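Participant: Below is the file input.cif, with mmCIF, C-alpha atoms and all ligand atoms.
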data_input
loop_
_atom_site.label_atom_id
_atom_site.label_comp_id
_atom_site.auth_asym_id
_atom_site.auth_seq_id
_atom_site.Cartn_x
_atom_site.Cartn_y
_atom_site.Cartn_z
CA MET A 1 -30.71 -2.21 22.22
CA GLY A 2 -28.58 0.39 20.51
CA ASP A 3 -25.40 -0.28 18.56
CA ALA A 4 -22.69 -0.81 21.17
CA ARG A 5 -19.93 -0.33 18.63
CA LYS A 6 -18.04 2.92 18.97
CA TYR A 7 -17.73 3.37 15.23
CA ALA A 8 -20.67 2.76 12.88
CA VAL A 9 -19.89 4.99 9.90
CA ILE A 10 -21.03 3.07 6.82
CA ASP A 11 -24.59 1.85 6.36
CA PRO A 12 -24.26 -1.41 4.40
CA VAL A 13 -27.89 -1.22 3.26
CA THR A 14 -27.85 2.29 1.82
CA GLY A 15 -24.13 2.95 1.32
CA LYS A 16 -24.33 6.21 3.33
CA LEU A 17 -20.98 7.17 4.86
CA ASP A 18 -20.42 9.53 7.77
CA ARG A 19 -17.94 12.08 6.45
CA ARG A 20 -16.64 13.14 9.87
CA ILE A 21 -14.09 10.31 9.65
CA PHE A 22 -12.06 12.46 7.22
CA SER A 23 -11.33 15.27 9.65
CA ASP A 24 -12.11 14.36 13.25
CA GLN A 25 -8.98 14.42 15.42
CA ALA A 26 -10.23 11.91 18.00
CA THR A 27 -11.08 9.45 15.22
CA TYR A 28 -7.63 9.97 13.75
CA ASP A 29 -6.01 9.28 17.12
CA ASP A 30 -7.95 6.01 17.36
CA GLU A 31 -6.83 5.11 13.81
CA MET A 32 -3.19 5.49 14.83
CA GLU A 33 -3.70 3.03 17.65
CA ARG A 34 -6.27 0.61 16.31
CA ILE A 35 -5.31 0.46 12.63
CA PHE A 36 -1.71 1.60 12.27
CA GLY A 37 -0.81 0.14 15.66
CA ARG A 38 -1.93 -3.37 14.76
CA ALA A 39 -2.22 -3.95 10.97
CA TRP A 40 0.55 -5.34 8.78
CA LEU A 41 1.98 -2.21 7.13
CA MET A 42 3.99 -2.07 3.95
CA ILE A 43 7.30 -0.38 4.87
CA GLY A 44 9.69 -1.01 2.00
CA HIS A 45 11.24 -3.54 -0.33
CA GLU A 46 14.11 -5.97 0.09
CA SER A 47 15.86 -4.41 -2.91
CA LEU A 48 16.27 -1.20 -0.86
CA VAL A 49 18.52 -3.09 1.60
CA PRO A 50 20.22 -5.72 -0.58
CA GLU A 51 23.51 -6.09 1.35
CA PRO A 52 24.36 -6.96 4.97
CA ASP A 53 24.27 -3.83 7.18
CA ASP A 54 22.18 -1.86 4.67
CA PHE A 55 19.36 0.24 6.11
CA PHE A 56 16.45 2.28 4.80
CA HIS A 57 14.57 4.80 6.90
CA THR A 58 10.79 4.48 6.69
CA TYR A 59 7.58 4.93 8.71
CA MET A 60 4.84 2.84 10.25
CA GLY A 61 1.97 5.32 10.34
CA GLU A 62 3.46 8.36 12.07
CA ASP A 63 6.31 6.49 13.69
CA PRO A 64 9.85 6.59 12.28
CA VAL A 65 11.28 3.11 11.70
CA ILE A 66 14.66 1.91 10.47
CA LEU A 67 14.45 -1.10 8.18
CA THR A 68 17.81 -2.84 8.63
CA ARG A 69 19.48 -5.94 7.29
CA ASP A 70 21.86 -7.15 9.99
CA GLY A 71 25.23 -8.81 9.46
CA GLN A 72 23.55 -12.22 9.19
CA GLY A 73 21.16 -10.98 6.50
CA GLN A 74 18.15 -10.84 8.84
CA LEU A 75 15.64 -7.98 8.38
CA HIS A 76 14.54 -5.81 11.33
CA ALA A 77 12.08 -2.94 11.72
CA LEU A 78 13.45 -0.80 14.56
CA LEU A 79 11.59 2.09 16.12
CA ASN A 80 13.81 5.12 15.61
CA MET A 81 13.62 6.22 19.24
CA CYS A 82 16.49 6.02 21.68
CA ARG A 83 15.38 4.11 24.76
CA HIS A 84 17.02 6.74 26.99
CA ARG A 85 15.25 10.07 26.37
CA GLY A 86 13.84 9.35 22.93
CA ASN A 87 16.07 11.04 20.35
CA ARG A 88 16.22 9.60 16.88
CA VAL A 89 19.25 7.35 16.53
CA CYS A 90 19.26 7.58 12.72
CA ARG A 91 18.85 10.85 10.83
CA VAL A 92 19.47 9.89 7.23
CA ASP A 93 17.30 8.25 4.58
CA ASP A 94 19.43 5.18 3.90
CA GLY A 95 22.96 3.81 4.02
CA ASN A 96 25.13 1.01 5.35
CA ALA A 97 25.98 0.89 9.07
CA LYS A 98 26.64 -1.74 11.70
CA ARG A 99 25.58 0.61 14.51
CA PHE A 100 23.41 3.62 15.25
CA MET A 101 24.64 6.11 17.86
CA CYS A 102 22.26 8.49 19.59
CA THR A 103 23.71 11.99 19.40
CA TYR A 104 22.21 13.11 22.73
CA HIS A 105 24.26 11.03 25.21
CA GLY A 106 25.89 8.45 22.96
CA TRP A 107 23.94 5.25 23.57
CA THR A 108 24.87 3.00 20.68
CA TYR A 109 22.73 0.26 19.16
CA CYS A 110 23.66 -2.63 16.83
CA ASN A 111 21.69 -2.88 13.59
CA ASP A 112 19.77 -5.83 15.08
CA GLY A 113 18.42 -3.41 17.70
CA ALA A 114 20.51 -4.47 20.71
CA LEU A 115 21.89 -1.72 22.99
CA GLU A 116 25.61 -2.37 22.69
CA TYR A 117 27.15 0.51 24.61
CA ALA A 118 26.22 3.33 26.97
CA PRO A 119 28.94 5.80 28.05
CA GLY A 120 29.79 5.48 31.73
CA GLU A 121 28.15 2.13 32.27
CA SER A 122 30.36 1.44 35.29
CA GLU A 123 31.18 4.98 36.41
CA ALA A 124 27.77 6.63 36.02
CA TYR A 125 25.40 3.66 36.19
CA TYR A 126 27.39 1.61 38.75
CA ASP A 127 26.99 -1.41 36.40
CA ALA A 128 23.25 -1.39 37.14
CA LEU A 129 21.98 -0.47 33.66
CA ASP A 130 19.83 -3.30 32.31
CA ARG A 131 21.20 -3.06 28.78
CA ALA A 132 19.56 -6.29 27.60
CA SER A 133 16.08 -4.83 28.11
CA LEU A 134 16.89 -1.51 26.47
CA GLY A 135 17.29 -2.46 22.82
CA LEU A 136 15.38 -0.49 20.20
CA ILE A 137 11.69 -1.42 20.06
CA GLN A 138 11.18 -3.91 17.23
CA ALA A 139 8.17 -4.63 15.07
CA ARG A 140 7.44 -8.06 13.61
CA VAL A 141 8.70 -8.27 10.03
CA GLU A 142 7.62 -10.53 7.17
CA THR A 143 8.00 -10.27 3.42
CA TYR A 144 5.87 -11.06 0.44
CA ALA A 145 7.63 -11.32 -2.94
CA GLY A 146 10.32 -8.91 -1.71
CA ILE A 147 7.86 -6.35 -0.28
CA VAL A 148 8.59 -5.80 3.42
CA PHE A 149 5.71 -5.55 5.88
CA ALA A 150 5.81 -4.94 9.61
CA THR A 151 3.33 -4.89 12.50
CA TRP A 152 3.48 -3.80 16.14
CA ALA A 153 0.84 -6.38 17.09
CA LYS A 154 2.20 -9.52 18.73
CA ASP A 155 -1.19 -11.18 18.24
CA ALA A 156 -1.46 -10.36 14.51
CA PRO A 157 -1.94 -13.32 12.16
CA SER A 158 0.84 -14.24 9.71
CA LEU A 159 1.31 -11.92 6.73
CA GLU A 160 0.21 -14.79 4.52
CA ALA A 161 -3.12 -15.01 6.37
CA TYR A 162 -3.44 -11.21 6.40
CA LEU A 163 -3.06 -10.96 2.62
CA GLY A 164 -5.18 -14.08 2.19
CA ASP A 165 -6.65 -14.59 -1.25
CA ALA A 166 -5.63 -11.06 -2.26
CA ARG A 167 -2.25 -12.61 -3.01
CA TRP A 168 -3.85 -14.58 -5.83
CA TYR A 169 -4.25 -11.25 -7.63
CA LEU A 170 -1.16 -9.48 -6.29
CA ASP A 171 1.04 -12.30 -7.62
CA THR A 172 0.12 -11.33 -11.19
CA VAL A 173 2.21 -8.17 -10.85
CA PHE A 174 4.59 -8.66 -7.91
CA ASN A 175 5.42 -12.34 -8.25
CA ARG A 176 5.66 -12.84 -11.99
CA ARG A 177 9.38 -13.35 -12.41
CA ASP A 178 11.97 -15.66 -10.84
CA ASP A 179 14.32 -12.75 -10.16
CA GLY A 180 11.69 -10.61 -8.46
CA MET A 181 11.35 -6.88 -8.52
CA GLN A 182 13.40 -3.82 -7.77
CA ALA A 183 12.11 -0.66 -6.07
CA LEU A 184 13.22 2.70 -7.41
CA GLY A 185 12.67 5.83 -5.38
CA PRO A 186 10.84 7.00 -3.38
CA MET A 187 9.66 10.40 -4.49
CA LYS A 188 8.03 12.05 -1.44
CA TRP A 189 5.57 14.88 -1.10
CA LEU A 190 2.80 16.16 1.18
CA GLU A 191 -0.84 16.53 0.24
CA PRO A 192 -3.64 18.33 2.14
CA VAL A 193 -5.84 15.23 2.16
CA ASN A 194 -7.08 12.59 4.59
CA TRP A 195 -5.27 9.28 3.99
CA LYS A 196 -8.50 7.33 3.40
CA THR A 197 -9.61 9.46 0.44
CA LEU A 198 -6.90 8.05 -1.76
CA VAL A 199 -7.17 4.46 -0.53
CA ASP A 200 -10.87 4.63 -1.40
CA ASN A 201 -9.89 6.03 -4.80
CA CYS A 202 -7.79 2.97 -5.69
CA SER A 203 -10.94 1.07 -6.65
CA ASP A 204 -12.75 4.06 -8.14
CA ASN A 205 -12.68 3.66 -11.88
CA TYR A 206 -15.88 5.67 -12.15
CA HIS A 207 -13.93 8.93 -11.88
CA VAL A 208 -11.43 8.13 -14.59
CA PRO A 209 -13.25 9.31 -17.75
CA THR A 210 -14.39 12.49 -15.96
CA SER A 211 -11.50 13.56 -13.74
CA HIS A 212 -8.79 12.47 -16.13
CA LEU A 213 -10.41 13.51 -19.39
CA SER A 214 -7.76 16.04 -20.38
CA SER A 215 -4.88 13.82 -19.24
CA ALA A 216 -6.34 10.88 -21.16
CA ARG A 217 -6.75 12.99 -24.29
CA VAL A 218 -3.11 14.00 -24.09
CA GLN A 219 -2.18 10.34 -23.82
CA SER A 220 -4.35 9.35 -26.77
CA ARG A 221 -2.92 12.13 -28.89
CA PHE A 222 0.75 11.76 -28.05
CA LEU A 223 1.11 8.15 -26.91
CA GLY A 224 -1.50 6.45 -29.07
CA ARG A 225 -3.46 5.17 -26.06
CA PRO A 226 -7.10 4.15 -26.72
CA PRO A 227 -9.60 6.89 -25.78
CA LEU A 228 -11.33 6.67 -22.39
CA SER A 229 -15.09 6.86 -21.97
CA HIS A 230 -17.80 5.78 -19.56
CA GLU A 231 -19.29 3.64 -22.33
CA VAL A 232 -16.07 1.63 -22.62
CA GLN A 233 -16.02 1.15 -18.85
CA PHE A 234 -19.67 0.12 -18.57
CA VAL A 235 -19.21 -2.77 -21.02
CA SER A 236 -15.76 -3.72 -19.75
CA PRO A 237 -15.35 -7.37 -18.65
CA ASN A 238 -12.92 -6.17 -15.98
CA LYS A 239 -13.88 -6.58 -12.36
CA HIS A 240 -13.34 -5.60 -8.74
CA ALA A 241 -12.65 -8.00 -5.90
CA PHE A 242 -12.32 -7.49 -2.15
CA VAL A 243 -10.44 -9.64 0.37
CA ASN A 244 -9.66 -8.86 4.05
CA GLY A 245 -9.66 -5.11 3.50
CA HIS A 246 -7.66 -5.24 0.29
CA SER A 247 -9.27 -3.80 -2.85
CA LEU A 248 -8.34 -5.24 -6.22
CA THR A 249 -9.42 -4.26 -9.69
CA PHE A 250 -8.32 -6.56 -12.43
CA ARG A 251 -8.44 -7.10 -16.13
CA ASP A 252 -10.10 -10.17 -17.56
CA ALA A 253 -8.64 -10.54 -21.04
CA ASP A 254 -7.04 -13.21 -23.15
CA ASP A 255 -5.71 -11.06 -25.96
CA ASN A 256 -2.04 -11.93 -25.47
CA MET A 257 -1.23 -8.27 -25.07
CA PRO A 258 1.35 -6.97 -22.60
CA ARG A 259 -0.02 -6.01 -19.24
CA TYR A 260 -0.86 -2.35 -18.98
CA VAL A 261 2.03 -0.58 -17.34
CA HIS A 262 3.15 3.00 -17.39
CA GLY A 263 5.48 3.64 -20.28
CA VAL A 264 3.51 1.71 -22.90
CA SER A 265 2.99 3.91 -25.96
CA LYS A 266 2.81 3.35 -29.68
CA GLU A 267 6.59 3.80 -29.84
CA THR A 268 7.36 1.33 -27.07
CA MET A 269 4.58 -1.19 -27.75
CA ARG A 270 6.91 -3.52 -29.70
CA LEU A 271 9.42 -3.53 -26.86
CA PHE A 272 6.73 -4.47 -24.34
CA GLN A 273 5.18 -7.07 -26.64
CA ASP A 274 8.54 -8.79 -27.17
CA TYR A 275 9.19 -8.78 -23.42
CA HIS A 276 5.71 -10.12 -22.75
CA ASP A 277 6.17 -12.96 -25.23
CA ALA A 278 9.68 -13.82 -24.02
CA THR A 279 8.68 -13.97 -20.35
CA MET A 280 5.28 -15.68 -20.70
CA PRO A 281 6.58 -19.26 -20.29
CA GLU A 282 8.20 -18.27 -17.01
CA ALA A 283 5.07 -16.41 -15.85
CA GLU A 284 2.91 -19.41 -16.73
CA ARG A 285 5.19 -21.74 -14.82
CA ARG A 286 5.05 -19.46 -11.78
CA LEU A 287 1.36 -18.52 -11.84
CA GLY A 288 -0.50 -21.00 -14.03
CA SER A 289 -2.18 -20.01 -17.31
CA LEU A 290 -5.25 -18.27 -15.95
CA ARG A 291 -3.32 -15.86 -13.78
CA ALA A 292 -0.37 -15.40 -16.14
CA ARG A 293 -2.50 -14.69 -19.19
CA ARG A 294 -5.89 -13.44 -18.15
CA VAL A 295 -5.78 -11.92 -14.71
CA GLN A 296 -3.96 -8.64 -14.81
CA LEU A 297 -4.07 -6.67 -11.58
CA ALA A 298 -4.89 -3.00 -12.12
CA ASN A 299 -5.56 -0.34 -9.45
CA HIS A 300 -5.58 -1.77 -5.95
CA SER A 301 -4.91 -1.05 -2.29
CA ILE A 302 -3.52 -3.16 0.52
CA PHE A 303 -5.16 -2.38 3.85
CA PRO A 304 -4.66 0.08 5.34
CA ASN A 305 -2.47 2.42 3.32
CA GLY A 306 -0.61 0.60 0.53
CA ILE A 307 -1.80 2.07 -2.76
CA LEU A 308 -1.19 1.26 -6.44
CA GLY A 309 1.81 -1.01 -6.03
CA LEU A 310 4.59 0.11 -3.73
CA ARG A 311 3.24 3.53 -2.83
CA LEU A 312 2.66 4.58 0.75
CA ALA A 313 0.07 7.03 2.03
CA LEU A 314 1.54 8.02 5.39
CA PRO A 315 -0.89 9.82 7.68
CA ARG A 316 0.36 13.14 9.04
CA GLY A 317 -2.74 14.26 10.92
CA PRO A 318 -6.36 14.03 9.78
CA LEU A 319 -5.90 16.66 7.10
CA LYS A 320 -2.47 15.75 5.74
CA THR A 321 -0.89 12.75 4.01
CA GLU A 322 2.71 12.16 2.98
CA PHE A 323 3.08 10.26 -0.26
CA TRP A 324 5.96 7.90 -0.92
CA HIS A 325 5.96 6.96 -4.57
CA PHE A 326 8.20 4.05 -5.58
CA VAL A 327 8.42 2.58 -9.04
CA LEU A 328 8.64 -1.21 -9.08
CA VAL A 329 10.29 -2.81 -12.08
CA GLU A 330 11.13 -6.40 -12.79
CA GLN A 331 14.74 -6.90 -11.76
CA ASP A 332 16.01 -8.43 -14.98
CA ALA A 333 13.85 -6.48 -17.45
CA PRO A 334 15.83 -4.75 -20.23
CA GLU A 335 17.17 -1.35 -19.14
CA GLU A 336 15.11 0.39 -21.84
CA ILE A 337 11.90 -1.03 -20.39
CA LYS A 338 12.90 -0.02 -16.87
CA ARG A 339 13.65 3.48 -18.14
CA VAL A 340 10.31 4.03 -19.88
CA ILE A 341 8.33 2.54 -16.96
CA ARG A 342 10.16 4.86 -14.56
CA ILE A 343 9.49 7.93 -16.68
CA GLY A 344 5.91 6.88 -17.46
CA SER A 345 5.11 6.17 -13.83
CA GLN A 346 6.33 9.59 -12.73
CA ALA A 347 4.58 11.35 -15.61
CA ASN A 348 1.29 9.76 -14.48
CA ASN A 349 1.48 9.40 -10.71
CA GLY A 350 4.61 11.21 -9.55
CA ALA A 351 4.36 14.52 -7.65
CA ALA A 352 3.87 16.41 -10.92
CA GLY A 353 2.12 13.54 -12.69
CA LEU A 354 -0.77 14.39 -14.99
CA PHE A 355 -3.16 11.95 -13.35
CA GLU A 356 -1.92 12.58 -9.83
CA GLN A 357 -2.74 16.28 -10.03
CA ASP A 358 -6.28 15.57 -11.19
CA ASP A 359 -6.71 13.13 -8.29
CA VAL A 360 -5.23 15.27 -5.54
CA ASP A 361 -7.70 18.04 -6.22
CA ASN A 362 -10.59 15.58 -5.73
CA TRP A 363 -9.14 14.17 -2.50
CA ARG A 364 -8.45 17.67 -1.17
CA GLN A 365 -12.05 18.71 -1.75
CA VAL A 366 -13.49 15.48 -0.30
CA THR A 367 -11.35 16.06 2.80
CA GLU A 368 -12.25 19.72 3.03
CA ALA A 369 -15.98 18.97 2.72
CA SER A 370 -15.75 17.07 6.00
CA THR A 371 -14.35 19.99 7.98
CA SER A 372 -17.44 22.20 8.08
CA ARG A 373 -20.09 21.57 10.70
CA LEU A 374 -22.81 22.08 8.14
CA ARG A 375 -21.39 19.96 5.34
CA ARG A 376 -20.41 17.07 7.60
CA ARG A 377 -24.05 16.65 8.59
CA HIS A 378 -24.70 15.25 5.12
CA THR A 379 -23.43 11.78 4.35
CA GLN A 380 -21.44 10.58 1.35
CA ASP A 381 -23.45 8.38 -1.03
CA LEU A 382 -21.67 5.10 -1.81
CA SER A 383 -24.70 3.23 -3.13
CA MET A 384 -23.44 2.20 -6.57
CA GLY A 385 -23.86 -1.49 -7.32
CA LEU A 386 -25.47 -2.39 -3.98
CA GLY A 387 -26.44 -6.04 -4.09
CA HIS A 388 -24.38 -6.76 -7.20
CA ALA A 389 -21.36 -8.54 -5.78
CA GLY A 390 -20.71 -12.03 -4.49
CA PRO A 391 -18.56 -15.12 -4.84
CA HIS A 392 -17.36 -15.98 -8.36
CA SER A 393 -16.48 -19.40 -9.73
CA ASP A 394 -13.17 -18.27 -11.28
CA TYR A 395 -12.03 -15.48 -8.98
CA PRO A 396 -11.46 -15.46 -5.20
CA GLY A 397 -12.82 -12.84 -2.82
CA LEU A 398 -16.07 -10.95 -3.03
CA VAL A 399 -16.34 -10.02 -6.70
CA SER A 400 -18.36 -7.14 -8.13
CA GLU A 401 -20.42 -7.86 -11.23
CA ARG A 402 -19.06 -4.81 -13.01
CA TYR A 403 -15.88 -2.86 -13.33
CA ILE A 404 -17.68 0.26 -12.09
CA SER A 405 -19.05 -0.27 -8.59
CA GLU A 406 -18.71 1.11 -5.06
CA ASN A 407 -18.68 -2.33 -3.50
CA ASN A 408 -15.00 -2.07 -2.58
CA GLN A 409 -15.46 1.35 -1.00
CA ARG A 410 -18.33 0.12 1.17
CA LEU A 411 -16.28 -2.89 2.22
CA PHE A 412 -13.17 -0.79 2.88
CA TYR A 413 -15.06 1.37 5.37
CA ARG A 414 -16.57 -1.74 6.90
CA ARG A 415 -13.07 -3.16 7.35
CA TRP A 416 -12.06 0.17 8.87
CA GLU A 417 -14.95 -0.22 11.38
CA GLU A 418 -13.83 -3.78 12.19
CA PHE A 419 -10.36 -2.55 13.14
CA MET A 420 -11.63 0.53 14.96
CA ASN A 421 -14.14 -1.40 17.07
CA ALA A 422 -11.92 -4.38 17.95
CA GLU A 423 -10.11 -4.62 21.26
CA SER A 424 -7.58 -7.09 19.88
CA TRP A 425 -6.80 -9.13 16.78
CA ALA A 426 -9.01 -11.91 18.15
CA GLN A 427 -12.02 -9.72 17.30
CA ILE A 428 -10.94 -8.93 13.72
CA PRO A 429 -12.42 -11.37 11.20
CA LEU A 430 -10.17 -12.86 8.53
CA ASP A 431 -11.34 -14.71 5.44
CA PRO A 432 -9.70 -18.15 5.15
CA ILE A 433 -7.42 -18.81 2.18
CA THR A 434 -9.48 -20.70 -0.37
CA ALA A 435 -7.92 -19.71 -3.71
CA HIS A 436 -6.05 -22.27 -5.72
CA PHE A 437 -2.55 -20.97 -6.31
CA ASP A 438 -1.47 -22.63 -9.54
CA GLY A 439 2.25 -22.49 -10.35
CA THR A 440 5.45 -22.30 -8.34
CA ALA A 441 5.28 -18.75 -6.94
CA THR A 442 5.18 -18.54 -3.12
CA MET A 443 5.12 -15.87 -0.42
CA ARG A 444 8.92 -15.86 -0.61
CA GLY A 445 8.95 -15.10 -4.33
S1 LIG B 501 18.56 10.23 24.51
FE1 LIG B 501 19.77 8.82 23.45
S2 LIG B 501 21.52 8.61 24.68
FE2 LIG B 501 20.24 9.94 25.84
FE FE B 502 -7.47 8.99 -10.62
#
Do you think you could lay out the structure here as structure tokens?
Ligand code: FES
Ligand SMILES: [Fe+2]
Facilitator:
Amino acid sequence: MGDARKYAVIDPVTGKLDRRIFSDQATYDDEMERIFGRAWLMIGHESLVPEPDDFFHTYMGEDPVILTRDGQGQLHALLNMCRHRGNRVCRVDDGNAKRFMCTYHGWTYCNDGALEYAPGESEAYYDALDRASLGLIQARVETYAGIVFATWAKDAPSLEAYLGDARWYLDTVFNRRDDGMQALGPMKWLEPVNWKTLVDNCSDNYHVPTSHLSSARVQSRFLGRPPLSHEVQFVSPNKHAFVNGHSLTFRDADDNMPRYVHGVSKETMRLFQDYHDATMPEAERRLGSLRARRVQLANHSIFPNGILGLRLALPRGPLKTEFWHFVLVEQDAPEEIKRVIRIGSQANNGAAGLFEQDDVDNWRQVTEASTSRLRRRHTQDLSMGLGHAGPHSDYPGLVSERYISENNQRLFYRRWEEFMNAESWAQIPLDPITAHFDGTATMRG
């Protein structure tokens, strides 16, 4: 019997990947429905809507969504589509408003989504308009450590189950402090790339010493960063883990050094070291010693399109992706630290960032290679580290033996297949939560 699944794109035995998934329009259309229509999607951060009636305009896949905080403080993700003919009811990026009025015929919605008023309800509609059923379409909303997620799927599991043991790692960056984090930005730009190329890249440390050689040399020379090489990576104790579609690379070190963040240089090292030392007791209380001291999340992605912290890769067709780059800083960190992280983050991964420009060229070419009938006949090779990953006694998820491996890429495309082939959430497997979450940190922060 043949394979009844519609999508079988990654061969788990050989690591061969069908590259048509980076350009095929019909595949893309299925992704919008089967992945972006049902997964929990990162859409923003609570710090973007701190006060009652604040709103922030965002997207779930291709669809415009208004993240609101209503008068009672409740968050909503409202589809920005008037229920009458479909105009957008909000046309600005953010603000504070109790209501949104459609500028076509004037239907007016409360910031909790309810349709409050339609002109001529008695005179034109003869009091027959079923206002109660015509509120803005709402997605389910849940938060993790201040990061706001939403899903269109009524049958989706809880966000906690969706993140699963990935949260054990994510906590080490996003849930370290009692006062939480603050999102700055976003900086937005378009790239001529398929959205999956950069999600795949979040666990690709193999490219770093090659693609980023010149950028890394600049950093060594001017910021005093240690030089990058394949040799350093091959002996690195750092690892990759994979949980429920989420890819995590993490540092395994007990050197009492500050976590690597953008903005660390020889000039600012003292500042970061002092902050690290001063906040360690709090981090240990919240996360336990192992996670506070030794597990330091590095590059990662949250399925499907959350990349490197609070950055969104919004699909805009198979050959285009809109980037939303936020900088997350700890809310009560000293202003000087926030400033250098903000500048460092943009200098690395902003629109004109040194590293970002190296990366975009790779993703553009990977995407472009899938558009030709001849080139797409030949598969990608994702065979690195086959058979060298499994459960680990200290770390949850499926853990790769080495820092350099394509295990996470293979598993990401397998997760992609699971979503693309499922008729409903009931057919999408979810790993149970088995990690031991030492410390006081919770989903709520
Ligand atoms: S389209 Fe919005 S009021 Fe008619
Ligand atoms: Fe890169």
Participant: Just give me the gap between CA of Glu330 (chain A) and CA of Leu314 (chain A) in Å, one decimal is fine.
Facilitator: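 Interatomic distance here is 25.1 Å.
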Participant: Padding of 4 Å on every side, edges along x, y and z, all listed atoms of ligand LIG 501 (chain B) included: what centre and edge lengths in Å, to one decimal, does that box have, as lines of an AutoDock Vina configuration file?
Facilitator:
center_x = 20.0
center_y = 9.4
center_z = 24.6
size_x = 11.0
size_y = 9.6
size_z = 10.4
Participant: For Asn408 (chain A), list every protein, DNA or RNA residue within 12 Å, evaluated using only C-alpha atoms, and leave out those in the same chain fewer than 6 positions away; present the list as a ChimeraX atom specification.
Facilitator: /A:12,15,199-205,239-249,299-303,382-386,388-390,397-402,414-415
Participant: Counting all atoms listed in the file, which residue out of A:Lys6, A:Arg99, A:Arg316, A:His76 sits closest to Val141 (chain A)?
Facilitator: A:His76
Participant: When the cut-off is 9 Å and you count only C-alpha atoms and all ligand atoms, which residues lie near ligand LIG 501 (chain B), shown as a PyMOL selection string?
Facilitator: chain A and resi 81-89+101-108+118-119
Participant: Would you put the residues from that selection into a file with C-alpha atoms, as a short mmCIF file (atom, residue, chain, number, x, y, z; two decimals), in the frame of the given file?
Facilitator:
data_model
loop_
_atom_site.label_atom_id
_atom_site.label_comp_id
_atom_site.auth_asym_id
_atom_site.auth_seq_id
_atom_site.Cartn_x
_atom_site.Cartn_y
_atom_site.Cartn_z
CA MET A 81 13.62 6.22 19.24
CA CYS A 82 16.49 6.02 21.68
CA ARG A 83 15.38 4.11 24.76
CA HIS A 84 17.02 6.74 26.99
CA ARG A 85 15.25 10.07 26.37
CA GLY A 86 13.84 9.35 22.93
CA ASN A 87 16.07 11.04 20.35
CA ARG A 88 16.22 9.60 16.88
CA VAL A 89 19.25 7.35 16.53
CA MET A 101 24.64 6.11 17.86
CA CYS A 102 22.26 8.49 19.59
CA THR A 103 23.71 11.99 19.40
CA TYR A 104 22.21 13.11 22.73
CA HIS A 105 24.26 11.03 25.21
CA GLY A 106 25.89 8.45 22.96
CA TRP A 107 23.94 5.25 23.57
CA THR A 108 24.87 3.00 20.68
CA ALA A 118 26.22 3.33 26.97
CA PRO A 119 28.94 5.80 28.05
#
Participant: Go through chain A residue by residue and, counting all atoms listed in the file, keep those with an atom at most 10 Å from ligand FE 502 (chain B); for each kept residue give the shortest atom pair and its distance in Å to one decimal, ordered by chain and increasing number, as a Markdown table.
Facilitator:
| residue | atom | partner | partner_atom | distance |
| --- | --- | --- | --- | --- |
| A:Leu198 | CA | B:FE502 | FE | 8.9 |
| A:Asn201 | CA | B:FE502 | FE | 7.0 |
| A:Cys202 | CA | B:FE502 | FE | 7.8 |
| A:Ser203 | CA | B:FE502 | FE | 9.5 |
| A:Asp204 | CA | B:FE502 | FE | 7.6 |
| A:Asn205 | CA | B:FE502 | FE | 7.6 |
| A:Tyr206 | CA | B:FE502 | FE | 9.2 |
| A:His207 | CA | B:FE502 | FE | 6.6 |
| A:Val208 | CA | B:FE502 | FE | 5.7 |
| A:Pro209 | CA | B:FE502 | FE | 9.2 |
| A:Thr210 | CA | B:FE502 | FE | 9.4 |
| A:Ser211 | CA | B:FE502 | FE | 6.8 |
| A:His212 | CA | B:FE502 | FE | 6.6 |
| A:Asn299 | CA | B:FE502 | FE | 9.6 |
| A:Asn348 | CA | B:FE502 | FE | 9.6 |
| A:Asn349 | CA | B:FE502 | FE | 9.0 |
| A:Leu354 | CA | B:FE502 | FE | 9.7 |
| A:Phe355 | CA | B:FE502 | FE | 5.9 |
| A:Glu356 | CA | B:FE502 | FE | 6.7 |
| A:Gln357 | CA | B:FE502 | FE | 8.7 |
| A:Asp358 | CA | B:FE502 | FE | 6.7 |
| A:Asp359 | CA | B:FE502 | FE | 4.8 |
| A:Val360 | CA | B:FE502 | FE | 8.4 |
| A:Asn362 | CA | B:FE502 | FE | 8.8 |
| A:Trp363 | CA | B:FE502 | FE | 9.8 |
Participant: Return the single residue from A:Gln219, A:Gln296, A:Thr27, A:Ser265 that is closest to Trp168 (chain A), with distances computed using only C-alpha atoms.
Facilitator: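 Among A:Gln219, A:Gln296, A:Thr27, A:Ser265, it is A:Gln296 that comes nearest to Trp168 (chain A).
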Participant: Restricting the calculation to all atoms listed in the file, which member of A:Lys320, A:Arg259, A:His230, A:His276 is positioned closest to Gln25 (chain A)?
Facilitator: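 Among A:Lys320, A:Arg259, A:His230, A:His276, it is A:Lys320 that comes nearest to Gln25 (chain A).
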Participant: So the first atom is CA of Phe234 (chain A) and the second is CA of Asp252 (chain A); what is the distance between them in Å, to one decimal place?
Facilitator: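 Between CA of Phe234 (chain A) and CA of Asp252 (chain A) the gap works out to 14.1 Å.
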Participant: Do a neighbour search on region 184-188 of chain A at 7 Å with only C-alpha atoms, toss out local chain neighbours closer than 3 positions, and write the hits as JSON, numbers by chain.
Facilitator: {"A": [322, 323, 324, 325, 326, 327, 328]}
Participant: Just checking: using all atoms listed in the file, which residue out of A:Asp30, A:Ala422, A:Thr268, A:Leu48 ends up closest to Glu336 (chain A)?
Facilitator: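 The answer is A:Thr268, which sits nearest to Glu336 (chain A).
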